[in-house]
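Student: The file below is upload01.pdb, PDB, C-alpha atoms, pLDDT in the B column:
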```pdb
ATOM      1  CA  MET H   1     -13.042 -10.970  13.007  1.00 42.00           C
ATOM      2  CA  LYS H   2     -13.961  -8.506  15.761  1.00 43.00           C
ATOM      3  CA  ALA H   3     -13.663  -4.790  14.979  1.00 43.00           C
ATOM      4  CA  HIS H   4     -10.684  -3.179  16.680  1.00 41.00           C
ATOM      5  CA  PRO H   5     -11.641  -0.765  19.501  1.00 41.00           C
ATOM      6  CA  TYR H   6      -9.683   2.098  17.879  1.00 38.00           C
ATOM      7  CA  ARG H   7     -11.216   1.611  14.430  1.00 38.00           C
ATOM      8  CA  ASN H   8     -13.335   4.791  14.550  1.00 40.00           C
ATOM      9  CA  LEU H   9     -10.371   6.838  15.787  1.00 39.00           C
ATOM     10  CA  VAL H  10      -8.257   5.641  12.872  1.00 39.00           C
ATOM     11  CA  LEU H  11     -11.068   6.438  10.423  1.00 39.00           C
ATOM     12  CA  ALA H  12     -11.478   9.936  11.848  1.00 40.00           C
ATOM     13  CA  LEU H  13      -7.755  10.631  11.683  1.00 39.00           C
ATOM     14  CA  ALA H  14      -7.464   9.154   8.192  1.00 40.00           C
ATOM     15  CA  ALA H  15     -10.341  11.171   6.704  1.00 41.00           C
ATOM     16  CA  PRO H  16      -8.382  14.405   6.096  1.00 38.00           C
ATOM     17  CA  GLY H  17      -5.710  12.434   4.245  1.00 38.00           C
ATOM     18  CA  LEU H  18      -8.299  10.703   2.098  1.00 38.00           C
ATOM     19  CA  LEU H  19      -9.966  13.973   1.186  1.00 38.00           C
ATOM     20  CA  ALA H  20      -6.607  15.465   0.243  1.00 34.00           C
ATOM     21  CA  GLY H  21      -6.160  12.770  -2.399  1.00 35.00           C
ATOM     22  CA  CYS H  22      -4.015  10.252  -0.496  1.00 41.00           C
ATOM     23  CA  THR H  23      -0.839  12.247  -1.048  1.00 48.00           C
ATOM     24  CA  GLN H  24       2.598  10.912  -0.209  1.00 53.00           C
ATOM     25  CA  VAL H  25       3.134  13.907   2.080  1.00 46.00           C
ATOM     26  CA  LEU H  26       0.553  12.548   4.530  1.00 47.00           C
ATOM     27  CA  ALA H  27       1.630   8.926   4.131  1.00 52.00           C
ATOM     28  CA  VAL H  28       4.236   8.649   6.883  1.00 50.00           C
ATOM     29  CA  PRO H  29       2.150  10.352   9.630  1.00 48.00           C
ATOM     30  CA  MET H  30      -0.873   8.249   8.662  1.00 47.00           C
ATOM     31  CA  ASP H  31       1.259   5.085   8.800  1.00 51.00           C
ATOM     32  CA  ALA H  32       2.262   6.051  12.345  1.00 46.00           C
ATOM     33  CA  VAL H  33      -1.404   6.406  13.371  1.00 43.00           C
ATOM     34  CA  THR H  34      -2.317   3.088  11.731  1.00 48.00           C
ATOM     35  CA  ALA H  35       0.610   1.277  13.388  1.00 45.00           C
ATOM     36  CA  VAL H  36      -1.044   1.628  16.792  1.00 42.00           C
ATOM     37  CA  VAL H  37      -3.872  -0.767  15.868  1.00 45.00           C
ATOM     38  CA  GLU H  38      -2.155  -3.258  13.565  1.00 52.00           C
ATOM     39  CA  ASP H  39      -1.986  -6.949  14.481  1.00 60.00           C
ATOM     40  CA  ARG H  40       1.788  -6.963  14.933  1.00 56.00           C
ATOM     41  CA  PRO H  41       4.440  -5.658  17.318  1.00 58.00           C
ATOM     42  CA  LEU H  42       4.861  -1.886  17.285  1.00 57.00           C
ATOM     43  CA  SER H  43       8.586  -2.353  16.602  1.00 59.00           C
ATOM     44  CA  GLY H  44       7.808  -3.954  13.219  1.00 64.00           C
ATOM     45  CA  ALA H  45       5.486  -1.118  12.281  1.00 77.00           C
ATOM     46  CA  THR H  46       8.101   1.415  13.392  1.00 84.00           C
ATOM     47  CA  ASP H  47      10.704  -0.260  11.150  1.00 88.00           C
ATOM     48  CA  ASP H  48       8.315   0.010   8.202  1.00 92.00           C
ATOM     49  CA  ILE H  49       7.639   3.693   8.868  1.00 91.00           C
ATOM     50  CA  GLY H  50      11.393   4.341   8.940  1.00 92.00           C
ATOM     51  CA  ILE H  51      11.927   2.500   5.656  1.00 95.00           C
ATOM     52  CA  LYS H  52       9.105   4.429   3.977  1.00 94.00           C
ATOM     53  CA  ALA H  53      10.385   7.761   5.278  1.00 94.00           C
ATOM     54  CA  SER H  54      13.863   6.921   3.991  1.00 95.00           C
ATOM     55  CA  ILE H  55      12.541   6.066   0.505  1.00 95.00           C
ATOM     56  CA  LEU H  56      10.381   9.202   0.280  1.00 94.00           C
ATOM     57  CA  THR H  57      13.311  11.335   1.448  1.00 93.00           C
ATOM     58  CA  ALA H  58      15.516   9.806  -1.247  1.00 94.00           C
ATOM     59  CA  PHE H  59      12.844  10.504  -3.870  1.00 94.00           C
ATOM     60  CA  ALA H  60      12.531  14.115  -2.699  1.00 92.00           C
ATOM     61  CA  GLU H  61      16.279  14.720  -2.642  1.00 92.00           C
ATOM     62  CA  GLU H  62      17.362  12.879  -5.780  1.00 92.00           C
ATOM     63  CA  ALA H  63      14.373  12.645  -8.116  1.00 87.00           C
ATOM     64  CA  LYS H  64      11.532  14.967  -7.109  1.00 81.00           C
ATOM     65  CA  GLY H  65       9.237  13.745  -9.890  1.00 82.00           C
ATOM     66  CA  LEU H  66       9.251  10.272  -8.348  1.00 88.00           C
ATOM     67  CA  LEU H  67       7.626  11.629  -5.205  1.00 86.00           C
ATOM     68  CA  VAL H  68       4.562  12.528  -7.277  1.00 87.00           C
ATOM     69  CA  ASP H  69       4.514   9.568  -9.675  1.00 91.00           C
ATOM     70  CA  ILE H  70       5.533   6.645  -7.424  1.00 94.00           C
ATOM     71  CA  ASN H  71       4.032   5.264  -4.215  1.00 94.00           C
ATOM     72  CA  ALA H  72       6.088   3.298  -1.716  1.00 96.00           C
ATOM     73  CA  ASP H  73       4.119   1.018   0.600  1.00 96.00           C
ATOM     74  CA  VAL H  74       5.887  -1.031   3.256  1.00 96.00           C
ATOM     75  CA  TYR H  75       4.726  -3.973   5.375  1.00 94.00           C
ATOM     76  CA  GLY H  76       6.995  -6.378   7.251  1.00 93.00           C
ATOM     77  CA  ARG H  77      10.068  -4.662   5.757  1.00 95.00           C
ATOM     78  CA  GLU H  78       8.766  -5.567   2.289  1.00 97.00           C
ATOM     79  CA  VAL H  79       8.459  -2.625  -0.094  1.00 97.00           C
ATOM     80  CA  MET H  80       5.932  -2.375  -2.907  1.00 98.00           C
ATOM     81  CA  LEU H  81       6.546   0.377  -5.456  1.00 98.00           C
ATOM     82  CA  THR H  82       3.567   1.364  -7.602  1.00 96.00           C
ATOM     83  CA  GLY H  83       2.676   4.198  -9.917  1.00 94.00           C
ATOM     84  CA  SER H  84       3.239   5.045 -13.540  1.00 93.00           C
ATOM     85  CA  VAL H  85       6.101   6.750 -15.326  1.00 93.00           C
ATOM     86  CA  LYS H  86       6.731   7.496 -18.988  1.00 92.00           C
ATOM     87  CA  LYS H  87      10.409   6.495 -19.006  1.00 94.00           C
ATOM     88  CA  SER H  88      11.941   3.182 -17.967  1.00 95.00           C
ATOM     89  CA  GLU H  89      14.902   5.170 -16.550  1.00 96.00           C
ATOM     90  CA  ASP H  90      12.553   6.663 -13.940  1.00 95.00           C
ATOM     91  CA  ARG H  91      11.394   3.170 -12.992  1.00 96.00           C
ATOM     92  CA  ARG H  92      15.007   2.021 -12.589  1.00 97.00           C
ATOM     93  CA  LYS H  93      15.884   5.109 -10.543  1.00 96.00           C
ATOM     94  CA  ALA H  94      12.965   4.541  -8.155  1.00 96.00           C
ATOM     95  CA  VAL H  95      14.014   0.922  -7.573  1.00 97.00           C
ATOM     96  CA  GLU H  96      17.642   1.938  -7.057  1.00 97.00           C
ATOM     97  CA  LEU H  97      16.685   4.569  -4.465  1.00 97.00           C
ATOM     98  CA  ALA H  98      14.269   2.229  -2.659  1.00 97.00           C
ATOM     99  CA  ARG H  99      16.880  -0.539  -2.421  1.00 96.00           C
ATOM    100  CA  ARG H 100      19.211   1.861  -0.601  1.00 95.00           C
ATOM    101  CA  ALA H 101      16.834   2.143   2.356  1.00 95.00           C
ATOM    102  CA  GLU H 102      18.199   0.290   5.343  1.00 95.00           C
ATOM    103  CA  GLY H 103      16.218  -2.754   6.459  1.00 95.00           C
ATOM    104  CA  VAL H 104      14.437  -3.623   3.191  1.00 96.00           C
ATOM    105  CA  LYS H 105      13.865  -7.390   3.075  1.00 96.00           C
ATOM    106  CA  ASN H 106      12.057  -7.656  -0.291  1.00 97.00           C
ATOM    107  CA  LEU H 107      11.155  -5.166  -2.985  1.00 98.00           C
ATOM    108  CA  TYR H 108       8.247  -5.586  -5.388  1.00 98.00           C
ATOM    109  CA  ASN H 109       8.606  -3.348  -8.427  1.00 98.00           C
ATOM    110  CA  GLU H 110       5.097  -2.806  -9.785  1.00 98.00           C
ATOM    111  CA  ILE H 111       5.773   0.563 -11.446  1.00 97.00           C
ATOM    112  CA  GLN H 112       4.107   0.783 -14.847  1.00 96.00           C
ATOM    113  CA  VAL H 113       5.978   2.350 -17.753  1.00 95.00           C
ATOM    114  CA  THR H 114       3.171   3.743 -19.876  1.00 92.00           C
ATOM    115  CA  GLU H 115       1.756   6.760 -21.623  1.00 88.00           C
ATOM    116  CA  GLU H 116      -1.579   6.025 -19.896  1.00 79.00           C
ATOM    117  CA  GLY H 117      -2.433   8.055 -16.871  1.00 70.00           C
ATOM    118  CA  GLY H 118      -3.088  11.708 -16.346  1.00 68.00           C
ATOM    119  CA  PHE H 119      -5.703  13.386 -14.196  1.00 70.00           C
ATOM    120  CA  SER H 120      -8.661  11.308 -15.378  1.00 71.00           C
ATOM    121  CA  ALA H 121      -6.922   7.985 -14.693  1.00 78.00           C
ATOM    122  CA  SER H 122      -5.650   9.239 -11.330  1.00 88.00           C
ATOM    123  CA  ALA H 123      -9.150  10.294 -10.287  1.00 91.00           C
ATOM    124  CA  LYS H 124     -10.514   6.846 -11.207  1.00 94.00           C
ATOM    125  CA  ASP H 125      -7.718   5.141  -9.263  1.00 95.00           C
ATOM    126  CA  ILE H 126      -8.330   7.297  -6.193  1.00 95.00           C
ATOM    127  CA  GLY H 127     -12.012   6.370  -6.447  1.00 96.00           C
ATOM    128  CA  ILE H 128     -11.116   2.662  -6.568  1.00 97.00           C
ATOM    129  CA  GLU H 129      -8.819   3.021  -3.547  1.00 96.00           C
ATOM    130  CA  LEU H 130     -11.496   4.828  -1.534  1.00 96.00           C
ATOM    131  CA  LYS H 131     -14.126   2.212  -2.411  1.00 97.00           C
ATOM    132  CA  LEU H 132     -11.714  -0.533  -1.378  1.00 97.00           C
ATOM    133  CA  LYS H 133     -11.025   1.209   1.926  1.00 95.00           C
ATOM    134  CA  ALA H 134     -14.743   1.382   2.710  1.00 95.00           C
ATOM    135  CA  ASN H 135     -15.598  -2.097   1.416  1.00 96.00           C
ATOM    136  CA  LEU H 136     -12.665  -3.881   3.056  1.00 95.00           C
ATOM    137  CA  PHE H 137     -13.140  -2.072   6.363  1.00 93.00           C
ATOM    138  CA  GLY H 138     -16.781  -3.148   6.353  1.00 91.00           C
ATOM    139  CA  ALA H 139     -16.132  -6.739   5.259  1.00 93.00           C
ATOM    140  CA  SER H 140     -16.637  -9.346   7.949  1.00 92.00           C
ATOM    141  CA  GLY H 141     -13.569 -11.507   8.482  1.00 91.00           C
ATOM    142  CA  VAL H 142     -11.098  -9.108   6.831  1.00 92.00           C
ATOM    143  CA  GLY H 143      -8.349  -7.362   8.812  1.00 87.00           C
ATOM    144  CA  SER H 144      -7.820  -4.519   6.346  1.00 88.00           C
ATOM    145  CA  ILE H 145      -5.583  -2.706   8.838  1.00 90.00           C
ATOM    146  CA  ASN H 146      -2.852  -5.243   7.923  1.00 92.00           C
ATOM    147  CA  LEU H 147      -3.092  -4.518   4.188  1.00 95.00           C
ATOM    148  CA  ARG H 148      -1.767  -1.807   1.886  1.00 95.00           C
ATOM    149  CA  TRP H 149      -3.205  -1.325  -1.599  1.00 97.00           C
ATOM    150  CA  ARG H 150      -2.847   0.948  -4.609  1.00 97.00           C
ATOM    151  CA  SER H 151      -4.722   1.235  -7.867  1.00 97.00           C
ATOM    152  CA  VAL H 152      -2.784   2.238 -10.978  1.00 96.00           C
ATOM    153  CA  ASN H 153      -4.678   2.445 -14.271  1.00 95.00           C
ATOM    154  CA  GLY H 154      -7.279   0.052 -12.843  1.00 96.00           C
ATOM    155  CA  VAL H 155      -4.767  -2.547 -11.626  1.00 97.00           C
ATOM    156  CA  VAL H 156      -4.964  -3.036  -7.855  1.00 98.00           C
ATOM    157  CA  TYR H 157      -1.733  -3.989  -6.070  1.00 98.00           C
ATOM    158  CA  TYR H 158      -1.663  -5.439  -2.542  1.00 98.00           C
ATOM    159  CA  ILE H 159       0.952  -6.031   0.120  1.00 97.00           C
ATOM    160  CA  GLY H 160       0.423  -7.092   3.729  1.00 95.00           C
ATOM    161  CA  LEU H 161      -0.814  -9.953   5.834  1.00 94.00           C
ATOM    162  CA  VAL H 162      -3.905 -12.135   6.260  1.00 95.00           C
ATOM    163  CA  TYR H 163      -4.491 -15.046   8.623  1.00 93.00           C
ATOM    164  CA  SER H 164      -6.143 -17.571   6.309  1.00 95.00           C
ATOM    165  CA  ARG H 165      -6.815 -18.516   2.714  1.00 96.00           C
ATOM    166  CA  GLU H 166     -10.483 -17.636   3.371  1.00 96.00           C
ATOM    167  CA  GLU H 167      -9.532 -14.094   4.388  1.00 96.00           C
ATOM    168  CA  LEU H 168      -7.373 -13.720   1.267  1.00 97.00           C
ATOM    169  CA  ASP H 169     -10.195 -15.030  -0.927  1.00 97.00           C
ATOM    170  CA  LYS H 170     -12.576 -12.501   0.632  1.00 97.00           C
ATOM    171  CA  VAL H 171     -10.126  -9.639  -0.052  1.00 97.00           C
ATOM    172  CA  MET H 172      -9.897 -10.734  -3.689  1.00 98.00           C
ATOM    173  CA  SER H 173     -13.676 -11.066  -3.980  1.00 97.00           C
ATOM    174  CA  VAL H 174     -14.300  -7.604  -2.498  1.00 97.00           C
ATOM    175  CA  THR H 175     -11.682  -6.153  -4.867  1.00 98.00           C
ATOM    176  CA  ARG H 176     -13.105  -7.798  -7.992  1.00 98.00           C
ATOM    177  CA  ALA H 177     -16.547  -6.364  -7.128  1.00 97.00           C
ATOM    178  CA  VAL H 178     -15.307  -2.752  -7.283  1.00 97.00           C
ATOM    179  CA  ASP H 179     -16.204  -1.022 -10.536  1.00 96.00           C
ATOM    180  CA  GLY H 180     -13.148  -0.116 -12.620  1.00 96.00           C
ATOM    181  CA  VAL H 181     -10.812  -2.856 -11.323  1.00 98.00           C
ATOM    182  CA  LYS H 182      -9.167  -4.510 -14.336  1.00 97.00           C
ATOM    183  CA  ASN H 183      -6.677  -6.783 -12.579  1.00 98.00           C
ATOM    184  CA  ILE H 184      -5.285  -7.649  -9.128  1.00 98.00           C
ATOM    185  CA  VAL H 185      -1.635  -8.265  -8.209  1.00 98.00           C
ATOM    186  CA  SER H 186      -1.162  -9.681  -4.714  1.00 98.00           C
ATOM    187  CA  HIS H 187       1.949  -9.791  -2.538  1.00 98.00           C
ATOM    188  CA  ILE H 188      -0.149 -10.648   0.536  1.00 97.00           C
ATOM    189  CA  ARG H 189       1.352 -13.215   2.904  1.00 96.00           C
ATOM    190  CA  ILE H 190      -0.752 -15.726   4.829  1.00 95.00           C
ATOM    191  CA  LYS H 191       0.259 -16.164   8.462  1.00 89.00           C
ATOM    192  CA  ALA H 192      -1.330 -19.272   9.949  1.00 75.00           C
ATOM    193  CA  HIS H 193      -1.890 -18.141  13.538  1.00 61.00           C
ATOM    194  CA  LYS H 194      -1.982 -14.790  15.305  1.00 52.00           C
ATOM    195  CA  GLY H 195       0.998 -14.447  17.595  1.00 51.00           C
ATOM    196  CA  SER H 196       3.053 -17.108  15.791  1.00 46.00           C
TER     197      SER H 196
END
```
Turn this file's structure into structure tokens for me.

Tutor:
Amino acid sequence: MKAHPYRNLVLALAAPGLLAGCTQVLAVPMDAVTAVVEDRPLSGATDDIGIKASILTAFAEEAKGLLVDINADVYGREVMLTGSVKKSEDRRKAVELARRAEGVKNLYNEIQVTEEGGFSASAKDIGIELKLKANLFGASGVGSINLRWRSVNGVVYYIGLVYSREELDKVMSVTRAVDGVKNIVSHIRIKAHKGS
């Protein structure tokens, strides 16, 4: 797969967000930058940005702790919630708020209810995510711009789109090779042909 001509621009614009620890605050603007180079119509990317903004707004207004503990990633109007909370009520609340967002087609609830976590685990997960970003971006035949991923306690969660079983297999292989990855959960769709 040929590198996209705006790849370096996206990397340069994404770098400050990566250094800041991939915070939710930077997520929506970064999604807008990324949308310009994705392999899909801009209208679809715009819908996803709106859904994500709606979910994060709901978290901020109704359950501020969720904004810190839970990530909401959106691709093709499908929402993937990840993160870890100590109470199952917080997990239920996050799902309830995310379902309220207009335009959500599917919701994948991957929020862990666990006492694991804390700063050390978060630092390891951020390290995994950064390694994946570098390794997937550099992998031949992988369109990482069409993927979203999160690591939570060493479990890597994916949502997005690939164009072949071979591309999906390569994504999984690259992920398994990253130190600290314990498991992979994939909600990646395979679309047979570009433009179909």

Student: Give the answer as one residue: which of H:Trp149, H:Tyr158, H:Glu116, H:Ala58 has the shortest atom-to-atom distance to H:Glu96, using only C-alpha atoms?

Tutor: H:Ala58

Student: So that I can check the surroundings of H:Ser173, please list as a PyMOL selection string every protein, DNA and RNA residue that reaches within 12 Å of it, counting all atoms listed in the file and ignoring chain neighbours fewer than 2 positions away.

Tutor: chain H and resi 132+135-136+139+142+166-171+175-178+181+183-184

Student: Mind checking which residues fall within 6 Å of stretch 73-90 of chain H, counting only C-alpha atoms, ignoring those fewer than 6 positions away in the same chain, and posting them as a compact mmCIF listing (two decimals) with C-alpha atoms, keeping the file's coordinate frame?

Tutor:
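Produced file selection.txt, reproduced below:
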```txt
# COMPACT_ATOMS: atom_id res chain seq x y z
CA ASP H 48 8.32 0.01 8.20
CA VAL H 104 14.44 -3.62 3.19
CA LYS H 105 13.86 -7.39 3.08
CA ASN H 106 12.06 -7.66 -0.29
CA LEU H 107 11.16 -5.17 -2.98
CA TYR H 108 8.25 -5.59 -5.39
CA ASN H 109 8.61 -3.35 -8.43
CA GLU H 110 5.10 -2.81 -9.78
CA ILE H 111 5.77 0.56 -11.45
CA GLN H 112 4.11 0.78 -14.85
CA VAL H 113 5.98 2.35 -17.75
CA THR H 114 3.17 3.74 -19.88
CA GLU H 115 1.76 6.76 -21.62
CA VAL H 152 -2.78 2.24 -10.98
CA GLY H 160 0.42 -7.09 3.73
```

Student: Which residue, H:Ala63, H:Ala123, H:Val185, H:Ile49, has the smallest gap to H:Gly103 when you use all atoms listed in the file?

Tutor: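 Using all atoms listed in the file, the shortest distance to H:Gly103 belongs to H:Ile49.
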
Student: Take atom CA of H:Arg100 and atom CA of H:Leu161 and report the distance between them in Å, one decimal.

Tutor: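 Computed distance, atom CA of H:Arg100 to atom CA of H:Leu161, equals 24.1 Å.
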
Student: Out of H:Lys64, H:Ile159, H:Asn153, H:Gly180, which residue has the shortest atom-to-atom distance to H:Ser122 when counting all atoms listed in the file?

Tutor: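 For H:Ser122, the nearest of the candidates is H:Asn153.
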
Student: To one decimal place, how far is atom CA of H:Ser54 from atom CA of H:Arg189 in Å?

Tutor: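 Atom CA of H:Arg189 lies at a distance of 23.7 Å from atom CA of H:Ser54.
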
Student: (-6.0, 0.3, -2.5) in this file's frame - what residues fall within 7 Å of it? Use only C-alpha atoms and give the answer as a ChimeraX atom specification.

Tutor: /H:128-129,132-133,148-151,156

Student: As an exercise, work out the distance from atom CA of H:Gly138 to atom CA of H:Ala121 in Å and give it to one decimal place.

Tutor: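 Taking atom CA of H:Gly138 and atom CA of H:Ala121, their separation equals 25.8 Å.
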
Student: My list of candidates is H:Thr46, H:Leu97, H:Val174, H:Arg91. Which is closest to H:Phe137 when distances are computed with all atoms listed in the file?

Tutor: H:Val174

Student: Using all atoms listed in the file for the distances, tell me which of H:Tyr157, H:Val162, H:Glu62, H:Asn71 is nearest to H:His187.

Tutor: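 Closest to H:His187, using all atoms listed in the file: H:Tyr157.
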
Student: N, CA, C and O atoms are what I want for stretch 131-143 of chain H; can you complete it accordingly and write them as a PDB file, keeping the file's coordinate frame?

Tutor:
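See selection_25.pdb below for the written result:
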```pdb
ATOM      1  N   LYS H 131     -13.106   3.257  -2.492  1.00 97.00           N
ATOM      2  CA  LYS H 131     -14.126   2.212  -2.411  1.00 97.00           C
ATOM      3  C   LYS H 131     -13.576   0.978  -1.710  1.00 97.00           C
ATOM      4  O   LYS H 131     -14.264   0.347  -0.900  1.00 97.00           O
ATOM      5  N   LEU H 132     -12.331   0.619  -2.038  1.00 97.00           N
ATOM      6  CA  LEU H 132     -11.714  -0.533  -1.378  1.00 97.00           C
ATOM      7  C   LEU H 132     -11.578  -0.304   0.118  1.00 97.00           C
ATOM      8  O   LEU H 132     -11.838  -1.203   0.918  1.00 97.00           O
ATOM      9  N   LYS H 133     -11.167   0.896   0.492  1.00 95.00           N
ATOM     10  CA  LYS H 133     -11.025   1.209   1.926  1.00 95.00           C
ATOM     11  C   LYS H 133     -12.353   0.990   2.646  1.00 95.00           C
ATOM     12  O   LYS H 133     -12.411   0.326   3.680  1.00 95.00           O
ATOM     13  N   ALA H 134     -13.421   1.521   2.086  1.00 95.00           N
ATOM     14  CA  ALA H 134     -14.743   1.382   2.710  1.00 95.00           C
ATOM     15  C   ALA H 134     -15.208  -0.074   2.698  1.00 95.00           C
ATOM     16  O   ALA H 134     -15.667  -0.601   3.715  1.00 95.00           O
ATOM     17  N   ASN H 135     -15.086  -0.734   1.549  1.00 96.00           N
ATOM     18  CA  ASN H 135     -15.598  -2.097   1.416  1.00 96.00           C
ATOM     19  C   ASN H 135     -14.807  -3.104   2.240  1.00 96.00           C
ATOM     20  O   ASN H 135     -15.374  -4.022   2.830  1.00 96.00           O
ATOM     21  N   LEU H 136     -13.479  -2.957   2.277  1.00 95.00           N
ATOM     22  CA  LEU H 136     -12.665  -3.881   3.056  1.00 95.00           C
ATOM     23  C   LEU H 136     -12.837  -3.643   4.553  1.00 95.00           C
ATOM     24  O   LEU H 136     -12.884  -4.593   5.330  1.00 95.00           O
ATOM     25  N   PHE H 137     -12.944  -2.378   4.948  1.00 93.00           N
ATOM     26  CA  PHE H 137     -13.140  -2.072   6.363  1.00 93.00           C
ATOM     27  C   PHE H 137     -14.467  -2.634   6.847  1.00 93.00           C
ATOM     28  O   PHE H 137     -14.584  -3.054   7.989  1.00 93.00           O
ATOM     29  N   GLY H 138     -15.464  -2.649   5.975  1.00 91.00           N
ATOM     30  CA  GLY H 138     -16.781  -3.148   6.353  1.00 91.00           C
ATOM     31  C   GLY H 138     -16.971  -4.637   6.152  1.00 91.00           C
ATOM     32  O   GLY H 138     -18.002  -5.194   6.544  1.00 91.00           O
ATOM     33  N   ALA H 139     -15.990  -5.308   5.558  1.00 93.00           N
ATOM     34  CA  ALA H 139     -16.132  -6.739   5.259  1.00 93.00           C
ATOM     35  C   ALA H 139     -15.866  -7.588   6.497  1.00 93.00           C
ATOM     36  O   ALA H 139     -14.820  -7.474   7.127  1.00 93.00           O
ATOM     37  N   SER H 140     -16.793  -8.439   6.815  1.00 92.00           N
ATOM     38  CA  SER H 140     -16.637  -9.346   7.949  1.00 92.00           C
ATOM     39  C   SER H 140     -15.517 -10.343   7.663  1.00 92.00           C
ATOM     40  O   SER H 140     -15.430 -10.900   6.569  1.00 92.00           O
ATOM     41  N   GLY H 141     -14.636 -10.524   8.645  1.00 91.00           N
ATOM     42  CA  GLY H 141     -13.569 -11.507   8.482  1.00 91.00           C
ATOM     43  C   GLY H 141     -12.343 -11.002   7.756  1.00 91.00           C
ATOM     44  O   GLY H 141     -11.461 -11.779   7.422  1.00 91.00           O
ATOM     45  N   VAL H 142     -12.267  -9.682   7.509  1.00 92.00           N
ATOM     46  CA  VAL H 142     -11.098  -9.108   6.831  1.00 92.00           C
ATOM     47  C   VAL H 142     -10.422  -8.101   7.757  1.00 92.00           C
ATOM     48  O   VAL H 142     -11.065  -7.167   8.230  1.00 92.00           O
ATOM     49  N   GLY H 143      -9.131  -8.301   8.007  1.00 87.00           N
ATOM     50  CA  GLY H 143      -8.349  -7.362   8.812  1.00 87.00           C
ATOM     51  C   GLY H 143      -7.642  -6.379   7.906  1.00 87.00           C
ATOM     52  O   GLY H 143      -6.433  -6.466   7.699  1.00 87.00           O
TER      53      GLY H 143
END
```
